[in-house]
Amino acid sequence: MAAAAAAAAALRCCFPGSAIGSSFVRPSSCRRGRHAAAVASSSREAEPAASLGHLTRVDFPILHQEFDGAKLVYFDNGATSQKPFSVMKTLDEYYRSYNSNVHRGIHALSAKATDAYEGARRKVANFVNAADSREIIFTRNATEAINLVAYSWGLSNIKQGDEILLTVAEHHSSIVPWQIVSQKTGATLKYVGLTKEEVPDIEQLKGLLSNKTKMVVVHHVSNVLGSMLPIEEIVTWSKRVGAKVLVDACQSVPHMPVDVQKLGADFLVASSHKMCGPTGVGFMHGTFEMLSSMEPFLGGGEMIADVFYEKSTYAEPPSRFEAGTPAIGEAIGFGAAIDYLSCIGMDQIHEYEKELAMYLYESLLSVPNVRIYGPAPSQTDHRAPLCSFNVENVHPTDIAGILDLQHNVAIRSGHHCAQILHRTLGIDASARASLHFYNTKEEVDIFIHALKDTIDLLTSQH
């Protein structure tokens, strides 16, 4: 109890606008420094993270709505996360106070917008430990970032006879662009299958690597299986044969510390909207040397050095890859989301979510006739805080629909943009409950109770 109280006190200090334990709070603010250090210090005490969900959820106004007396249980964080007051306040301040284009005007509004926009880039760079903020390219989302790599690097460096290596567990955003590249270049796509534990077969991946392999496309954390891949090892193996590595980190960067220098991948992508930030902005990380060698993805304003009648010269990264007016307010809001996450501390978020993931998995096992996909969690091999599952003789979309309509519980159903994986598992669709640090064990209990009621309702009609 003392540890939980210490964590609460630290978070009150970290989020001075928050009224911990109330149903309404003023917009919270977060500054890195001694307050964040206080939270990190409290996380080393016994069981301090147990209350993280309760302590932070007050900063998310959407979580406090009710329907017919039932509070919203939001378990679709794998699709998009909710936004704290501080992010919404930052967006509002931009549009109310200094809305202007960036990099172009000399007036005060443009200067302030440019400073905030580039400040957000530096925040992203620090968050993932990039060597230089110029290595961070703002995109519309992770999907656009992957397409940027495919079109700018892939079409210029991959040729007939080359191989592109992926796993069957990749998101469509990691597959379709490389299918297009293979069709245009004559390169071959090769897929790594699953082990009996339902994780991508890393030994098979290692065996498929050859001097024909030019690009390895892998997720960090699976959005369906909840499993995590050993990116550092994959990068080491790939470099031995001269292959580049692109990492989809959409399900890892929001939930755990990610160090791009330590991972060593050539490219890493993620999205703001899964990190408590606005939609419409994401980022790609690449080494400055790599980015400087690549052709532009889009042509237009901002990405040029000089334009002549017959040709143009291009700006240095990151401007080379940010043609036109960017999502300025969204990028600045993204920076505010990073402030928020950094204040809590990604180590503390990760530790809390490991505990939450175990609780979700074990609780789901209590549901009759349930089938959970992916590996079982252990002390050494943890899962992400998500479970994709099916219930015998019950369609996942029926489950998700009834949970929403009758219990105010929001989960996902469908193929989760991973049709190849679902076919590999022998299914067309699954239900998915995906959690974030503002969720609680009590919400898991509500979900499980509602799920059992839903199954009883659906099976009693047969």
# chains A, B, ... in the order shown; residues from 1 in each chain; ligands from 1
$ select_by_dssp --residues "region 187-280 of chain A" --states "alpha helix (DSSP H)" --output "PyMOL selection string"
chain A and resi 202-208+231-240+260-263
$ closest_atom_pairs --of "region 216-294 of chain A" --to "region 427-438 of chain A" --cutoff "10 Å" --atoms "only C-alpha atoms" --output "JSON lines"
{"residue": "A:Asn223", "atom": "CA", "partner": "A:Ser434", "partner_atom": "CA", "distance": 8.8}
{"residue": "A:Val224", "atom": "CA", "partner": "A:Arg432", "partner_atom": "CA", "distance": 7.5}
{"residue": "A:Leu225", "atom": "CA", "partner": "A:Arg432", "partner_atom": "CA", "distance": 9.8}
{"residue": "A:Gly226", "atom": "CA", "partner": "A:Ser434", "partner_atom": "CA", "distance": 9.2}
{"residue": "A:Pro254", "atom": "CA", "partner": "A:His436", "partner_atom": "CA", "distance": 8.7}
{"residue": "A:His255", "atom": "CA", "partner": "A:His436", "partner_atom": "CA", "distance": 7.5}
{"residue": "A:Lys274", "atom": "CA", "partner": "A:His436", "partner_atom": "CA", "distance": 9.6}
{"residue": "A:Met275", "atom": "CA", "partner": "A:His436", "partner_atom": "CA", "distance": 9.6}
{"residue": "A:Cys276", "atom": "CA", "partner": "A:His436", "partner_atom": "CA", "distance": 9.8}
$ atom_distance --atom1 "CA of Lys71 (chain A)" --atom2 "CA of Ser272 (chain A)"
26.1 Å
$ atom_distance --atom1 "CA of Arg423 (chain A)" --atom2 "CA of Ser182 (chain A)"
21.9 Å
$ atom_distance --atom1 "CA of Val217 (chain A)" --atom2 "CA of Ile175 (chain A)"
8.3 Å
$ residues_around --residues "region 78-95 of chain A" --least-positions-apart "5" --cutoff "9 Å" --atoms "only C-alpha atoms" --output "PDB file with N, CA and C atoms, in the first residue's frame"
ATOM      1  N   VAL A  25     -10.853  15.612 -14.567  1.00  0.00           N
ATOM      2  CA  VAL A  25      -9.610  16.315 -14.265  1.00  0.00           C
ATOM      3  C   VAL A  25      -9.425  17.441 -15.253  1.00  0.00           C
ATOM      4  N   ARG A  26      -8.694  18.455 -14.816  1.00  0.00           N
ATOM      5  CA  ARG A  26      -8.318  19.511 -15.738  1.00  0.00           C
ATOM      6  C   ARG A  26      -7.223  18.987 -16.647  1.00  0.00           C
ATOM      7  N   PRO A  27      -6.952  19.642 -17.779  1.00  0.00           N
ATOM      8  CA  PRO A  27      -5.891  19.171 -18.655  1.00  0.00           C
ATOM      9  C   PRO A  27      -4.595  18.988 -17.891  1.00  0.00           C
ATOM     10  N   SER A  28      -3.991  17.814 -18.063  1.00  0.00           N
ATOM     11  CA  SER A  28      -2.759  17.536 -17.350  1.00  0.00           C
ATOM     12  C   SER A  28      -1.563  18.018 -18.141  1.00  0.00           C
ATOM     13  N   SER A  29      -0.490  18.271 -17.453  1.00  0.00           N
ATOM     14  CA  SER A  29       0.758  18.629 -18.118  1.00  0.00           C
ATOM     15  C   SER A  29       1.841  17.730 -17.575  1.00  0.00           C
ATOM     16  N   CYS A  30       2.865  17.541 -18.384  1.00  0.00           N
ATOM     17  CA  CYS A  30       3.924  16.634 -17.982  1.00  0.00           C
ATOM     18  C   CYS A  30       5.232  17.201 -18.450  1.00  0.00           C
ATOM     19  N   THR A  56      -3.571   6.688 -14.166  1.00  0.00           N
ATOM     20  CA  THR A  56      -3.463   7.415 -15.430  1.00  0.00           C
ATOM     21  C   THR A  56      -4.797   7.588 -16.150  1.00  0.00           C
ATOM     22  N   ARG A  57      -5.749   6.705 -15.936  1.00  0.00           N
ATOM     23  CA  ARG A  57      -6.980   6.735 -16.724  1.00  0.00           C
ATOM     24  C   ARG A  57      -7.784   8.016 -16.501  1.00  0.00           C
ATOM     25  N   VAL A  58      -7.555   8.689 -15.379  1.00  0.00           N
ATOM     26  CA  VAL A  58      -8.271   9.940 -15.135  1.00  0.00           C
ATOM     27  C   VAL A  58      -7.885  11.015 -16.138  1.00  0.00           C
ATOM     28  N   ASP A  59      -6.768  10.858 -16.818  1.00  0.00           N
ATOM     29  CA  ASP A  59      -6.324  11.837 -17.803  1.00  0.00           C
ATOM     30  C   ASP A  59      -6.927  11.601 -19.184  1.00  0.00           C
ATOM     31  N   PHE A  60      -7.771  10.572 -19.319  1.00  0.00           N
ATOM     32  CA  PHE A  60      -8.353  10.208 -20.609  1.00  0.00           C
ATOM     33  C   PHE A  60      -9.872  10.364 -20.537  1.00  0.00           C
ATOM     34  N   PRO A  61     -10.397  11.491 -20.973  1.00  0.00           N
ATOM     35  CA  PRO A  61     -11.823  11.771 -20.764  1.00  0.00           C
ATOM     36  C   PRO A  61     -12.749  10.761 -21.429  1.00  0.00           C
ATOM     37  N   ILE A  62     -12.365  10.196 -22.538  1.00  0.00           N
ATOM     38  CA  ILE A  62     -13.246   9.270 -23.253  1.00  0.00           C
ATOM     39  C   ILE A  62     -13.546   8.021 -22.429  1.00  0.00           C
ATOM     40  N   LEU A  63     -12.656   7.681 -21.508  1.00  0.00           N
ATOM     41  CA  LEU A  63     -12.815   6.454 -20.727  1.00  0.00           C
ATOM     42  C   LEU A  63     -13.879   6.576 -19.641  1.00  0.00           C
ATOM     43  N   SER A 100       0.041  28.194 -38.298  1.00  0.00           N
ATOM     44  CA  SER A 100       0.771  28.779 -39.420  1.00  0.00           C
ATOM     45  C   SER A 100       1.569  27.681 -40.087  1.00  0.00           C
ATOM     46  N   ALA A 113       5.413  27.984 -34.864  1.00  0.00           N
ATOM     47  CA  ALA A 113       4.966  26.689 -35.377  1.00  0.00           C
ATOM     48  C   ALA A 113       6.148  25.831 -35.796  1.00  0.00           C
ATOM     49  N   ASN A 223       0.591  -7.970 -33.924  1.00  0.00           N
ATOM     50  CA  ASN A 223      -0.702  -7.392 -33.542  1.00  0.00           C
ATOM     51  C   ASN A 223      -1.792  -8.446 -33.389  1.00  0.00           C
ATOM     52  N   VAL A 224      -1.461  -9.713 -33.671  1.00  0.00           N
ATOM     53  CA  VAL A 224      -2.419 -10.815 -33.515  1.00  0.00           C
ATOM     54  C   VAL A 224      -1.939 -11.814 -32.480  1.00  0.00           C
ATOM     55  N   CYS A 250       4.945  -0.721 -34.642  1.00  0.00           N
ATOM     56  CA  CYS A 250       3.692  -0.090 -34.221  1.00  0.00           C
ATOM     57  C   CYS A 250       3.166  -0.631 -32.900  1.00  0.00           C
ATOM     58  N   GLN A 251       3.428  -1.919 -32.624  1.00  0.00           N
ATOM     59  CA  GLN A 251       2.906  -2.527 -31.398  1.00  0.00           C
ATOM     60  C   GLN A 251       3.960  -2.616 -30.300  1.00  0.00           C
ATOM     61  N   HIS A 273      -0.901   7.536 -33.473  1.00  0.00           N
ATOM     62  CA  HIS A 273      -2.231   7.278 -32.915  1.00  0.00           C
ATOM     63  C   HIS A 273      -2.272   6.054 -32.013  1.00  0.00           C
ATOM     64  N   LYS A 274      -1.258   5.196 -32.070  1.00  0.00           N
ATOM     65  CA  LYS A 274      -1.175   4.071 -31.133  1.00  0.00           C
ATOM     66  C   LYS A 274      -0.373   4.437 -29.890  1.00  0.00           C
ATOM     67  N   MET A 275       0.126   5.685 -29.847  1.00  0.00           N
ATOM     68  CA  MET A 275       0.993   6.148 -28.770  1.00  0.00           C
ATOM     69  C   MET A 275       0.347   7.291 -27.990  1.00  0.00           C
ATOM     70  N   CYS A 276      -0.987   7.311 -27.943  1.00  0.00           N
ATOM     71  CA  CYS A 276      -1.744   8.361 -27.249  1.00  0.00           C
ATOM     72  C   CYS A 276      -1.667   9.703 -27.962  1.00  0.00           C
ATOM     73  N   GLY A 277      -1.214   9.695 -29.218  1.00  0.00           N
ATOM     74  CA  GLY A 277      -1.127  10.917 -29.994  1.00  0.00           C
ATOM     75  C   GLY A 277      -2.211  10.991 -31.052  1.00  0.00           C
ATOM     76  N   PRO A 278      -2.222  12.079 -31.841  1.00  0.00           N
ATOM     77  CA  PRO A 278      -3.242  12.270 -32.877  1.00  0.00           C
ATOM     78  C   PRO A 278      -3.103  11.279 -34.024  1.00  0.00           C
ATOM     79  N   THR A 279      -4.173  11.125 -34.780  1.00  0.00           N
ATOM     80  CA  THR A 279      -4.120  10.381 -36.028  1.00  0.00           C
ATOM     81  C   THR A 279      -3.480  11.267 -37.098  1.00  0.00           C
ATOM     82  N   ILE A 328       1.010  19.529 -39.286  1.00  0.00           N
ATOM     83  CA  ILE A 328       1.756  20.323 -38.302  1.00  0.00           C
ATOM     84  C   ILE A 328       1.177  20.161 -36.891  1.00  0.00           C
ATOM     85  N   GLY A 329      -0.114  20.441 -36.758  1.00  0.00           N
ATOM     86  CA  GLY A 329      -0.735  20.319 -35.444  1.00  0.00           C
ATOM     87  C   GLY A 329      -0.637  18.912 -34.899  1.00  0.00           C
ATOM     88  N   GLU A 330      -0.815  17.927 -35.786  1.00  0.00           N
ATOM     89  CA  GLU A 330      -0.757  16.525 -35.366  1.00  0.00           C
ATOM     90  C   GLU A 330       0.645  16.152 -34.888  1.00  0.00           C
ATOM     91  N   ILE A 332       2.870  18.209 -33.613  1.00  0.00           N
ATOM     92  CA  ILE A 332       3.066  18.878 -32.324  1.00  0.00           C
ATOM     93  C   ILE A 332       2.310  18.134 -31.223  1.00  0.00           C
ATOM     94  N   GLY A 333       1.083  17.679 -31.543  1.00  0.00           N
ATOM     95  CA  GLY A 333       0.334  16.857 -30.584  1.00  0.00           C
ATOM     96  C   GLY A 333       1.037  15.548 -30.293  1.00  0.00           C
ATOM     97  N   PHE A 334       1.669  14.976 -31.310  1.00  0.00           N
ATOM     98  CA  PHE A 334       2.464  13.760 -31.132  1.00  0.00           C
ATOM     99  C   PHE A 334       3.586  14.012 -30.127  1.00  0.00           C
ATOM    100  N   GLY A 335       4.213  15.170 -30.238  1.00  0.00           N
ATOM    101  CA  GLY A 335       5.247  15.524 -29.270  1.00  0.00           C
ATOM    102  C   GLY A 335       4.717  15.589 -27.854  1.00  0.00           C
ATOM    103  N   ALA A 336       3.485  16.102 -27.708  1.00  0.00           N
ATOM    104  CA  ALA A 336       2.864  16.153 -26.375  1.00  0.00           C
ATOM    105  C   ALA A 336       2.592  14.750 -25.844  1.00  0.00           C
ATOM    106  N   ALA A 337       2.198  13.838 -26.734  1.00  0.00           N
ATOM    107  CA  ALA A 337       1.971  12.451 -26.311  1.00  0.00           C
ATOM    108  C   ALA A 337       3.263  11.815 -25.827  1.00  0.00           C
ATOM    109  N   TYR A 340       4.006  12.921 -22.412  1.00  0.00           N
ATOM    110  CA  TYR A 340       3.151  12.216 -21.456  1.00  0.00           C
ATOM    111  C   TYR A 340       3.710  10.823 -21.145  1.00  0.00           C
ATOM    112  N   LEU A 386      -2.263  -8.206 -25.323  1.00  0.00           N
ATOM    113  CA  LEU A 386      -3.375  -8.438 -26.251  1.00  0.00           C
ATOM    114  C   LEU A 386      -3.564  -9.931 -26.433  1.00  0.00           C
ATOM    115  N   ARG A 412     -12.002  -5.808 -30.847  1.00  0.00           N
ATOM    116  CA  ARG A 412     -11.904  -5.892 -32.308  1.00  0.00           C
ATOM    117  C   ARG A 412     -12.318  -7.279 -32.759  1.00  0.00           C
ATOM    118  N   HIS A 416      -7.832  -8.438 -38.624  1.00  0.00           N
ATOM    119  CA  HIS A 416      -6.848  -7.527 -38.039  1.00  0.00           C
ATOM    120  C   HIS A 416      -5.747  -7.146 -39.031  1.00  0.00           C
ATOM    121  N   ARG A 432     -10.284  -9.891 -30.796  1.00  0.00           N
ATOM    122  CA  ARG A 432      -9.027  -9.444 -30.165  1.00  0.00           C
ATOM    123  C   ARG A 432      -9.305  -8.415 -29.090  1.00  0.00           C
ATOM    124  N   ALA A 433      -8.778  -8.686 -27.901  1.00  0.00           N
ATOM    125  CA  ALA A 433      -8.786  -7.718 -26.804  1.00  0.00           C
ATOM    126  C   ALA A 433      -7.365  -7.209 -26.640  1.00  0.00           C
ATOM    127  N   SER A 434      -7.177  -5.905 -26.795  1.00  0.00           N
ATOM    128  CA  SER A 434      -5.831  -5.330 -26.699  1.00  0.00           C
ATOM    129  C   SER A 434      -5.848  -4.175 -25.707  1.00  0.00           C
ATOM    130  N   LEU A 435      -4.914  -4.191 -24.764  1.00  0.00           N
ATOM    131  CA  LEU A 435      -4.921  -3.289 -23.620  1.00  0.00           C
ATOM    132  C   LEU A 435      -3.776  -2.292 -23.689  1.00  0.00           C
ATOM    133  N   HIS A 436      -3.908  -1.229 -22.896  1.00  0.00           N
ATOM    134  CA  HIS A 436      -2.849  -0.242 -22.746  1.00  0.00           C
ATOM    135  C   HIS A 436      -2.690   0.044 -21.263  1.00  0.00           C
TER     136      HIS A 436
END
$ closest_residue --among "A:Met256, A:Ala315, A:Ala125, A:Ile399" --to "Ile344 (chain A)" --atoms "only C-alpha atoms"
A:Met256
$ closest_residue --among "A:Ala323, A:Leu341, A:Ala410, A:Ala142" --to "His171 (chain A)" --atoms "only C-alpha atoms"
A:Ala142
$ closest_atom_pairs --of "region 69-167 of chain A" --to "region 264-271 of chain A" --cutoff "10 Å" --atoms "only C-alpha atoms" --output "tab-separated table"
residue	atom	partner	partner_atom	distance
A:Thr80	CA	A:Ser271	CA	9.3
A:Val128	CA	A:Leu268	CA	9.9
A:Glu135	CA	A:Phe267	CA	9.8
A:Ile136	CA	A:Val269	CA	9.6
A:Ile137	CA	A:Val269	CA	9.5
A:Phe138	CA	A:Ser271	CA	9.7
A:Thr139	CA	A:Ser271	CA	8.8
A:Arg140	CA	A:Ser271	CA	8.3
A:Asn141	CA	A:Ser271	CA	5.2
A:Ala142	CA	A:Ala270	CA	5.0
A:Thr143	CA	A:Val269	CA	8.4
A:Glu144	CA	A:Val269	CA	9.3
A:Ala145	CA	A:Val269	CA	6.3
A:Ile146	CA	A:Val269	CA	7.1
A:Val149	CA	A:Phe267	CA	7.9
$ residues_around --residues "region 375-379 of chain A" --least-positions-apart "5" --cutoff "7 Å" --atoms "only C-alpha atoms" --output "PyMOL selection string"
chain A and resi 197-199+227+358
$ residues_around --residues "Tyr314 (chain A)" --least-positions-apart "4" --cutoff "8 Å" --atoms "only C-alpha atoms" --output "PyMOL selection string"
chain A and resi 296+303-306+320
